[in-house]
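Okay, run-v3.pdb is below, PDB, C-alpha atoms:
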ATOM      1  CA  MET A  13      95.329  91.068  47.052
ATOM      2  CA  PRO A  14      97.379  91.547  50.250
ATOM      3  CA  ARG A  15     100.912  92.795  49.830
ATOM      4  CA  LEU A  16     103.385  90.133  51.013
ATOM      5  CA  THR A  17     106.568  92.110  50.354
ATOM      6  CA  GLU A  18     107.698  94.867  52.669
ATOM      7  CA  PRO A  19     108.840  98.403  51.749
ATOM      8  CA  ASP A  20     112.250  99.698  52.768
ATOM      9  CA  PHE A  21     111.361 101.541  55.979
ATOM     10  CA  THR A  22     114.934 102.801  56.402
ATOM     11  CA  LEU A  23     114.160 105.396  53.734
ATOM     12  CA  LEU A  24     111.518 106.940  56.003
ATOM     13  CA  ARG A  25     111.829 109.123  59.082
ATOM     14  CA  ASP A  26     109.590 110.808  61.636
ATOM     15  CA  ALA A  27     110.109 113.332  64.429
ATOM     16  CA  LEU A  28     112.204 110.750  66.294
ATOM     17  CA  GLY A  29     114.577 110.149  63.373
ATOM     18  CA  PRO A  30     115.050 107.462  60.693
ATOM     19  CA  LEU A  31     112.972 104.322  61.012
ATOM     20  CA  ARG A  32     114.827 101.097  61.759
ATOM     21  CA  ASP A  33     114.733  98.100  59.489
ATOM     22  CA  ARG A  34     111.808  95.911  60.545
ATOM     23  CA  GLU A  35     113.756  92.651  60.220
ATOM     24  CA  GLN A  36     116.764  93.928  62.163
ATOM     25  CA  VAL A  37     114.543  94.995  65.044
ATOM     26  CA  ALA A  38     112.878  91.595  65.077
ATOM     27  CA  GLN A  39     116.227  89.784  64.999
ATOM     28  CA  ARG A  40     117.443  91.681  68.073
ATOM     29  CA  LEU A  41     114.201  90.993  69.909
ATOM     30  CA  LEU A  42     114.402  87.296  69.063
ATOM     31  CA  GLU A  43     117.955  87.149  70.397
ATOM     32  CA  SER A  44     116.816  88.818  73.610
ATOM     33  CA  SER A  45     113.905  86.371  73.886
ATOM     34  CA  LEU A  46     116.311  83.445  73.757
ATOM     35  CA  LYS A  47     118.354  84.887  76.620
ATOM     36  CA  HIS A  48     115.662  86.391  78.834
ATOM     37  CA  SER A  49     112.434  84.387  78.722
ATOM     38  CA  PHE A  50     110.880  82.682  81.730
ATOM     39  CA  ASP A  51     108.453  79.911  82.526
ATOM     40  CA  PRO A  52     106.453  81.205  85.517
ATOM     41  CA  GLU A  53     105.335  77.676  86.397
ATOM     42  CA  THR A  54     108.905  76.680  87.278
ATOM     43  CA  GLU A  55     110.529  80.088  87.854
ATOM     44  CA  LEU A  56     108.300  81.074  90.792
ATOM     45  CA  ASP A  57     107.690  79.334  94.106
ATOM     46  CA  TRP A  58     103.910  79.169  94.069
ATOM     47  CA  ALA A  59     103.739  77.017  97.206
ATOM     48  CA  ALA A  60     105.714  79.367  99.482
ATOM     49  CA  PRO A  61     103.566  80.916 102.238
ATOM     50  CA  PHE A  62     102.915  84.639 102.114
ATOM     51  CA  GLU A  63     104.942  86.725 104.552
ATOM     52  CA  ASP A  64     103.146  88.479 107.397
ATOM     53  CA  GLY A  65     103.040  92.256 107.128
ATOM     54  CA  LYS A  66     104.026  92.435 103.459
ATOM     55  CA  TRP A  67     101.967  94.086 100.762
ATOM     56  CA  PHE A  68     100.563  92.752  97.503
ATOM     57  CA  TRP A  69     101.086  96.169  95.875
ATOM     58  CA  PRO A  70     103.167  99.168  96.988
ATOM     59  CA  PRO A  71     100.958 101.345  99.206
ATOM     60  CA  GLU A  72     101.743 104.504  97.223
ATOM     61  CA  LEU A  73     100.187 102.841  94.153
ATOM     62  CA  VAL A  74      96.959 101.856  95.914
ATOM     63  CA  SER A  75      94.095 103.992  94.644
ATOM     64  CA  LEU A  76      93.062 105.464  98.030
ATOM     65  CA  TYR A  77      96.580 106.256  99.233
ATOM     66  CA  ASP A  78      96.798 109.573 101.140
ATOM     67  CA  THR A  79      93.042 110.236 100.949
ATOM     68  CA  PRO A  80      90.958 111.012 104.065
ATOM     69  CA  LEU A  81      89.526 107.504 103.875
ATOM     70  CA  TRP A  82      93.027 105.997 103.737
ATOM     71  CA  HIS A  83      94.008 107.801 106.917
ATOM     72  CA  ARG A  84      91.000 106.314 108.707
ATOM     73  CA  MET A  85      91.718 102.756 107.573
ATOM     74  CA  SER A  86      93.675 100.300 109.707
ATOM     75  CA  GLU A  87      96.974  98.953 108.378
ATOM     76  CA  GLU A  88      95.337  95.545 107.942
ATOM     77  CA  GLN A  89      92.525  97.060 105.894
ATOM     78  CA  ARG A  90      94.993  98.989 103.738
ATOM     79  CA  GLN A  91      96.943  95.820 102.999
ATOM     80  CA  ASP A  92      93.749  93.943 102.218
ATOM     81  CA  LEU A  93      92.771  96.676  99.754
ATOM     82  CA  ALA A  94      96.213  96.372  98.133
ATOM     83  CA  ARG A  95      95.654  92.616  97.741
ATOM     84  CA  HIS A  96      92.315  93.155  96.017
ATOM     85  CA  GLU A  97      93.667  95.934  93.809
ATOM     86  CA  ALA A  98      96.532  93.669  92.729
ATOM     87  CA  ALA A  99      93.901  91.098  91.703
ATOM     88  CA  SER A 100      91.917  93.803  89.883
ATOM     89  CA  LEU A 101      95.002  94.885  87.929
ATOM     90  CA  ALA A 102      95.900  91.282  87.124
ATOM     91  CA  SER A 103      92.346  90.751  85.841
ATOM     92  CA  LEU A 104      92.603  93.879  83.694
ATOM     93  CA  GLY A 105      95.973  92.672  82.422
ATOM     94  CA  ILE A 106      94.528  89.327  81.322
ATOM     95  CA  TRP A 107      91.663  91.072  79.504
ATOM     96  CA  PHE A 108      94.062  93.371  77.691
ATOM     97  CA  GLU A 109      96.510  90.597  76.807
ATOM     98  CA  ILE A 110      93.796  88.395  75.306
ATOM     99  CA  ILE A 111      92.751  91.333  73.117
ATOM    100  CA  LEU A 112      96.359  92.093  72.168
ATOM    101  CA  MET A 113      97.074  88.495  71.188
ATOM    102  CA  GLN A 114      94.174  88.606  68.745
ATOM    103  CA  LEU A 115      95.331  91.941  67.343
ATOM    104  CA  LEU A 116      98.823  90.534  66.803
ATOM    105  CA  VAL A 117      97.434  87.539  64.938
ATOM    106  CA  ARG A 118      95.487  89.925  62.690
ATOM    107  CA  HIS A 119      98.631  91.989  62.103
ATOM    108  CA  ILE A 120     100.727  89.082  60.832
ATOM    109  CA  TYR A 121      97.994  87.409  58.779
ATOM    110  CA  ASP A 122      99.126  89.126  55.547
ATOM    111  CA  LYS A 123     102.825  89.373  56.404
ATOM    112  CA  PRO A 124     105.595  87.139  54.981
ATOM    113  CA  LEU A 125     105.266  84.044  57.150
ATOM    114  CA  THR A 126     108.973  83.214  57.218
ATOM    115  CA  SER A 127     110.053  86.726  58.203
ATOM    116  CA  ASP A 128     111.643  87.479  61.567
ATOM    117  CA  HIS A 129     108.962  90.123  62.086
ATOM    118  CA  VAL A 130     106.268  87.418  62.053
ATOM    119  CA  ARG A 131     108.454  85.019  64.031
ATOM    120  CA  TYR A 132     108.856  87.597  66.779
ATOM    121  CA  ALA A 133     105.103  88.316  66.821
ATOM    122  CA  LEU A 134     104.482  84.616  67.425
ATOM    123  CA  THR A 135     107.118  84.676  70.171
ATOM    124  CA  GLU A 136     105.331  87.606  71.806
ATOM    125  CA  ILE A 137     101.999  85.808  71.602
ATOM    126  CA  ALA A 138     103.595  82.881  73.447
ATOM    127  CA  ASP A 139     104.888  85.321  76.082
ATOM    128  CA  GLU A 140     101.417  86.797  76.525
ATOM    129  CA  CYS A 141      99.873  83.349  76.930
ATOM    130  CA  ARG A 142     102.273  82.654  79.805
ATOM    131  CA  HIS A 143     101.628  86.080  81.329
ATOM    132  CA  SER A 144      97.862  85.583  81.290
ATOM    133  CA  MET A 145      98.180  82.203  82.985
ATOM    134  CA  MET A 146     100.637  83.706  85.493
ATOM    135  CA  PHE A 147      98.275  86.547  86.392
ATOM    136  CA  ALA A 148      95.360  84.143  86.749
ATOM    137  CA  ARG A 149      97.365  81.930  89.067
ATOM    138  CA  LEU A 150      98.439  84.940  91.138
ATOM    139  CA  ILE A 151      94.790  85.963  91.607
ATOM    140  CA  THR A 152      93.888  82.464  92.772
ATOM    141  CA  ARG A 153      96.936  82.136  95.001
ATOM    142  CA  GLY A 154      96.240  85.502  96.635
ATOM    143  CA  GLY A 155      92.740  84.420  97.633
ATOM    144  CA  SER A 156      90.970  87.317  95.886
ATOM    145  CA  PRO A 157      88.190  87.025  93.320
ATOM    146  CA  ALA A 158      88.831  87.887  89.710
ATOM    147  CA  TYR A 159      87.587  91.342  88.728
ATOM    148  CA  PRO A 160      86.310  91.349  85.123
ATOM    149  CA  VAL A 161      85.802  94.684  83.423
ATOM    150  CA  PRO A 162      82.182  95.941  83.230
ATOM    151  CA  ARG A 163      80.132  94.204  80.566
ATOM    152  CA  VAL A 164      79.864  97.297  78.358
ATOM    153  CA  TYR A 165      83.660  97.509  78.102
ATOM    154  CA  HIS A 166      83.952  93.759  77.619
ATOM    155  CA  GLN A 167      81.696  94.147  74.585
ATOM    156  CA  LEU A 168      83.628  97.213  73.393
ATOM    157  CA  GLY A 169      86.691  94.970  73.402
ATOM    158  CA  ARG A 170      84.941  92.783  70.835
ATOM    159  CA  VAL A 171      84.404  95.845  68.653
ATOM    160  CA  LEU A 172      88.057  96.880  69.005
ATOM    161  CA  LYS A 173      89.239  93.434  67.940
ATOM    162  CA  THR A 174      87.030  93.671  64.847
ATOM    163  CA  VAL A 175      87.526  97.228  63.605
ATOM    164  CA  SER A 176      90.930  98.284  64.929
ATOM    165  CA  THR A 177      93.366  99.599  62.349
ATOM    166  CA  THR A 178      96.934  98.307  62.432
ATOM    167  CA  PRO A 179      98.317 101.518  64.001
ATOM    168  CA  GLY A 180      95.341 101.523  66.364
ATOM    169  CA  SER A 181      96.210  98.003  67.445
ATOM    170  CA  PHE A 182      99.769  98.959  68.334
ATOM    171  CA  ALA A 183      98.673 102.148  70.092
ATOM    172  CA  ALA A 184      96.300 100.046  72.206
ATOM    173  CA  THR A 185      99.114  97.590  72.866
ATOM    174  CA  LEU A 186     101.290 100.350  74.280
ATOM    175  CA  LEU A 187      98.449 101.726  76.374
ATOM    176  CA  GLY A 188      97.871  98.311  77.926
ATOM    177  CA  GLU A 189     101.550  97.701  78.569
ATOM    178  CA  GLU A 190     103.379 100.892  79.455
ATOM    179  CA  ILE A 191     101.395 102.217  82.447
ATOM    180  CA  LEU A 192     101.325  98.843  84.182
ATOM    181  CA  ASP A 193     104.990  98.408  83.293
ATOM    182  CA  TRP A 194     105.844 101.666  85.079
ATOM    183  CA  MET A 195     104.039 100.487  88.193
ATOM    184  CA  GLN A 196     105.631  97.068  88.064
ATOM    185  CA  ARG A 197     109.109  98.578  87.786
ATOM    186  CA  LEU A 198     108.410 100.189  91.154
ATOM    187  CA  THR A 199     107.021  96.937  92.544
ATOM    188  CA  PHE A 200     109.543  94.196  91.838
ATOM    189  CA  PRO A 201     112.493  95.782  93.723
ATOM    190  CA  ASP A 202     110.268  96.854  96.672
ATOM    191  CA  GLU A 203     111.089  94.689  99.671
ATOM    192  CA  ARG A 204     107.816  95.659 101.363
ATOM    193  CA  VAL A 205     105.981  93.601  98.729
ATOM    194  CA  GLN A 206     105.291  89.856  98.865
ATOM    195  CA  PRO A 207     108.077  87.844  97.138
ATOM    196  CA  LEU A 208     105.621  86.088  94.810
ATOM    197  CA  VAL A 209     104.212  89.409  93.590
ATOM    198  CA  ARG A 210     107.731  90.745  93.090
ATOM    199  CA  GLY A 211     108.616  87.641  91.073
ATOM    200  CA  VAL A 212     105.544  87.979  88.868
ATOM    201  CA  THR A 213     106.222  91.655  88.178
ATOM    202  CA  ARG A 214     109.930  91.013  87.483
ATOM    203  CA  ILE A 215     109.110  88.440  84.800
ATOM    204  CA  HIS A 216     106.503  90.726  83.277
ATOM    205  CA  VAL A 217     108.803  93.759  83.205
ATOM    206  CA  VAL A 218     111.671  91.880  81.542
ATOM    207  CA  GLU A 219     109.525  90.350  78.825
ATOM    208  CA  GLU A 220     107.260  93.358  78.276
ATOM    209  CA  ALA A 221     110.284  95.536  77.497
ATOM    210  CA  ARG A 222     110.593  93.623  74.218
ATOM    211  CA  HIS A 223     106.880  93.925  73.513
ATOM    212  CA  VAL A 224     107.005  97.689  74.003
ATOM    213  CA  ARG A 225     109.976  98.007  71.641
ATOM    214  CA  TYR A 226     108.210  95.953  68.959
ATOM    215  CA  ALA A 227     104.979  97.972  69.281
ATOM    216  CA  ARG A 228     106.726 101.343  69.305
ATOM    217  CA  GLU A 229     108.751 100.601  66.198
ATOM    218  CA  GLU A 230     105.711  99.296  64.323
ATOM    219  CA  LEU A 231     103.489 102.193  65.367
ATOM    220  CA  ARG A 232     106.092 104.656  64.070
ATOM    221  CA  ARG A 233     106.080 102.874  60.696
ATOM    222  CA  GLN A 234     102.304 102.798  60.552
ATOM    223  CA  MET A 235     101.863 106.478  61.411
ATOM    224  CA  ILE A 236     104.056 107.351  58.418
ATOM    225  CA  THR A 237     102.758 104.863  55.865
ATOM    226  CA  ALA A 238      99.049 104.476  56.742
ATOM    227  CA  PRO A 239      96.499 106.516  54.757
ATOM    228  CA  ARG A 240      95.208 109.702  56.338
ATOM    229  CA  TRP A 241      91.796 108.256  57.303
ATOM    230  CA  GLU A 242      93.517 105.427  59.143
ATOM    231  CA  ARG A 243      95.755 107.793  61.101
ATOM    232  CA  GLU A 244      92.740 109.925  62.062
ATOM    233  CA  PHE A 245      90.738 106.886  63.124
ATOM    234  CA  THR A 246      93.733 105.709  65.168
ATOM    235  CA  ARG A 247      93.856 109.019  67.037
ATOM    236  CA  LEU A 248      90.201 108.686  67.985
ATOM    237  CA  SER A 249      90.302 104.979  68.870
ATOM    238  CA  CYS A 250      93.458 105.448  70.925
ATOM    239  CA  GLY A 251      91.841 108.285  72.872
ATOM    240  CA  GLU A 252      88.742 106.205  73.536
ATOM    241  CA  ALA A 253      90.926 103.262  74.627
ATOM    242  CA  ALA A 254      92.688 105.560  77.092
ATOM    243  CA  ARG A 255      89.354 106.633  78.535
ATOM    244  CA  VAL A 256      88.195 103.024  78.931
ATOM    245  CA  PHE A 257      91.535 101.926  80.391
ATOM    246  CA  SER A 258      91.538 104.622  83.054
ATOM    247  CA  THR A 259      87.905 103.857  83.930
ATOM    248  CA  CYS A 260      88.615 100.131  84.332
ATOM    249  CA  PHE A 261      92.004 100.474  86.018
ATOM    250  CA  VAL A 262      90.635  99.604  89.458
ATOM    251  CA  ASN A 263      87.328  97.772  89.707
ATOM    252  CA  PRO A 264      85.153  99.605  92.314
ATOM    253  CA  ALA A 265      84.062  96.229  93.699
ATOM    254  CA  VAL A 266      87.409  96.057  95.510
ATOM    255  CA  TYR A 267      86.097  98.610  98.010
ATOM    256  CA  ASP A 268      83.091  96.423  98.833
ATOM    257  CA  HIS A 269      85.357  93.476  99.601
ATOM    258  CA  VAL A 270      87.291  95.393 102.250
ATOM    259  CA  GLY A 271      84.236  96.885 103.936
ATOM    260  CA  LEU A 272      84.337 100.392 102.456
ATOM    261  CA  ASP A 273      81.512 102.464 101.040
ATOM    262  CA  ARG A 274      81.976 102.211  97.280
ATOM    263  CA  ARG A 275      80.584 105.649  96.404
ATOM    264  CA  GLN A 276      82.678 107.392  99.027
ATOM    265  CA  ALA A 277      85.818 105.547  97.962
ATOM    266  CA  VAL A 278      85.328 106.272  94.246
ATOM    267  CA  ALA A 279      84.664 109.957  94.994
ATOM    268  CA  GLN A 280      87.837 110.252  97.052
ATOM    269  CA  VAL A 281      89.930 108.531  94.381
ATOM    270  CA  ARG A 282      88.607 110.969  91.769
ATOM    271  CA  ALA A 283      89.437 113.923  94.012
ATOM    272  CA  SER A 284      92.889 112.628  94.933
ATOM    273  CA  GLY A 285      95.763 114.746  93.674
ATOM    274  CA  HIS A 286      98.168 111.925  94.522
ATOM    275  CA  ARG A 287      96.249 109.426  92.426
ATOM    276  CA  ARG A 288      96.023 111.832  89.515
ATOM    277  CA  GLU A 289      99.776 112.364  89.675
ATOM    278  CA  VAL A 290     100.455 108.604  89.828
ATOM    279  CA  MET A 291      98.374 107.928  86.723
ATOM    280  CA  ARG A 292      99.805 110.824  84.724
ATOM    281  CA  THR A 293     103.353 109.962  85.707
ATOM    282  CA  GLY A 294     102.760 106.327  84.778
ATOM    283  CA  ALA A 295     101.485 107.402  81.367
ATOM    284  CA  GLY A 296     104.049 110.171  80.859
ATOM    285  CA  ARG A 297     106.616 108.248  78.851
ATOM    286  CA  LEU A 298     103.894 106.865  76.600
ATOM    287  CA  THR A 299     102.089 110.174  76.043
ATOM    288  CA  ASP A 300     105.387 111.894  75.205
ATOM    289  CA  PHE A 301     106.062 109.219  72.579
ATOM    290  CA  LEU A 302     102.550 109.347  71.128
ATOM    291  CA  ASP A 303     102.730 113.142  70.976
ATOM    292  CA  ASP A 304     106.067 113.012  69.143
ATOM    293  CA  ILE A 305     104.748 110.701  66.424
ATOM    294  CA  GLY A 306     101.481 112.562  65.888
ATOM    295  CA  VAL A 307      98.917 110.378  67.674
ATOM    296  CA  LEU A 308      97.783 112.936  70.264
ATOM    297  CA  ARG A 309      95.936 115.382  68.054
ATOM    298  CA  GLY A 310      92.446 116.808  67.730
ATOM    299  CA  ALA A 311      89.530 114.987  69.323
ATOM    300  CA  GLY A 312      91.813 112.096  70.286
ATOM    301  CA  ARG A 313      93.880 114.402  72.467
ATOM    302  CA  ARG A 314      90.741 115.676  74.169
ATOM    303  CA  LEU A 315      89.763 112.085  74.955
ATOM    304  CA  TRP A 316      93.189 111.477  76.468
ATOM    305  CA  ARG A 317      92.724 114.533  78.678
ATOM    306  CA  SER A 318      89.297 113.349  79.766
ATOM    307  CA  SER A 319      90.859 110.006  80.739
ATOM    308  CA  GLY A 320      93.042 111.755  83.329
ATOM    309  CA  LEU A 321      96.203 110.283  81.805
ATOM    310  CA  LEU A 322      97.246 113.522  80.079
ATOM    311  CA  ALA A 323      97.455 116.939  81.660
TER     312      ALA A 323
END
Translate this file's structure into structure tokens.
Amino acid sequence: MPRLTEPDFTLLRDALGPLRDREQVAQRLLESSLKHSFDPETELDWAAPFEDGKWFWPPELVSLYDTPLWHRMSEEQRQDLARHEAASLASLGIWFEIILMQLLVRHIYDKPLTSDHVRYALTEIADECRHSMMFARLITRGGSPAYPVPRVYHQLGRVLKTVSTTPGSFAATLLGEEILDWMQRLTFPDERVQPLVRGVTRIHVVEEARHVRYAREELRRQMITAPRWEREFTRLSCGEAARVFSTCFVNPAVYDHVGLDRRQAVAQVRASGHRREVMRTGAGRLTDFLDDIGVLRGAGRRLWRSSGLLA
């Protein structure tokens, strides 16, 4: 039978210190949700024309930035690539959020249904529904195609949703949220970027901060209380998720749509020291956290290194 009462997590601690009470964390997050939640349909001006000369993504975050190919591209072509890469990232975000919503539903299935912990999970699911619709509308409004992940990874997502452990689910949540969050924190205050894109990223950053807190606190609890096999499986599945995430981060089809040779572009991105630094810096806060709580060990750590997200 599932256990519907919760242990006292305040009696436990990890390398980061004592664990916080699950209900108190949820109460604070619910209070924040009441004060700082947005409806993108009414919050953003979807009908406003785009501004000439402004980017859809900061140029320094575009995959080819500072490569030989970048230096040969016209400014118009660079901005067009940024527009397509923004659509690619939004598509990836929708894919991840649909997976995460299902993982959250699985997490709360056996939890006390009147608890604040469950209530906040349902609040987060509602946030993610709005985010997915917001990203989809941004893709359409920007005039780019959607960029689904390759079919093999789409099917791997089905496997993840079926076999993921609870700590694995929250590790995947953080992977899908924290790197994009770092990039979006650079995007929404950047006046070079289109106002609509800045508005979308501002909403996402504000609301995702709560999601990250919820996932971090729960992952800490799980890495202490889960059985050893589950912790080991989480290390492996998290490493594999990092590899898939880095592979899918920018769909190579974006290069075709701006008139570039796909093989040449992909090769230059892989050889780019700037791009490698961007991805590792974006993942740095997350990898430090995962290392502290014992996720980055053994074969899982080697997978993280192969992903390019960990030095």
message = Please determine, counting only C-alpha atoms, which residue among A:Asp273, A:Glu203, A:Glu244, A:Glu252 has the shortest atom-to-atom distance to Arg314 of chain A.
response = A:Glu252
Produce a table with one row for each residue of segment 177-212 of chain A that has an atom at most 9 Å from any atom of segment 143-161 of chain A, each row naming the nearest atom pair and its distance in Å at one decimal; use all atoms listed in the file; arrange rows by chain and rising residue number; format as JSON lines.
{"residue": "A:Leu208", "atom": "CA", "partner": "A:Leu150", "partner_atom": "CA", "distance": 8.1}
{"residue": "A:Val209", "atom": "CA", "partner": "A:Leu150", "partner_atom": "CA", "distance": 7.7}
{"residue": "A:Val212", "atom": "CA", "partner": "A:Met146", "partner_atom": "CA", "distance": 7.3}
From A:Leu315, A:Ser103, A:Pro207, A:Asp78, residue lying nearest Ala59 of chain A [only C-alpha atoms] = A:Pro207
task = Name the residues that the PyMOL selection byres ((chain A and resi 201) around 12) pulls out of this structure, and write them as a list of chain:residue names.
result = A:Trp69, A:Pro70, A:Met195, A:Gln196, A:Arg197, A:Leu198, A:Thr199, A:Phe200, A:Asp202, A:Glu203, A:Arg204, A:Val205, A:Gln206, A:Pro207, A:Leu208, A:Val209, A:Arg210, A:Gly211, A:Val212, A:Thr213, A:Arg214, A:Val217
ask   = Residues picked by the PyMOL selection byres ((chain A and resi 218-221) around 8) here, as a VMD selection string?
value = chain A and resid 45 48 to 49 139 189 193 214 to 217 222 to 225
Between atom CA of Pro124 of chain A and atom CA of Gln39 of chain A - distance in Å to one decimal = 14.8 Å
Output as AutoDock Vina command-line options the centre and edge lengths (Å, one decimal) of the box along x, y and z of the file that holds every listed atom of segment 298-305 of chain A after adding 5 Å on each side.
--center_x 104.1 --center_y 110.0 --center_z 71.5 --size_x 14.0 --size_y 16.3 --size_z 20.2
request  = Tell me which protein, DNA and RNA residues are within 12 Å of Trp82 of chain A, counting all atoms listed in the file, leaving out same-chain ones fewer than 2 positions away, and put them as a list in words.
outcome  =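 Skipping anything fewer than 2 positions along the chain leaves Pro71, Glu72, Val74, Ser75, Leu76, Tyr77, Asp78, Thr79, Pro80, Arg84, Met85, Ser86, Glu87, Glu88, Gln89, Arg90, Gln91, Leu93, Ala94, Tyr267, Leu272, Gln276, Ala277, Gln280, Val281 and Ser284 of chain A.
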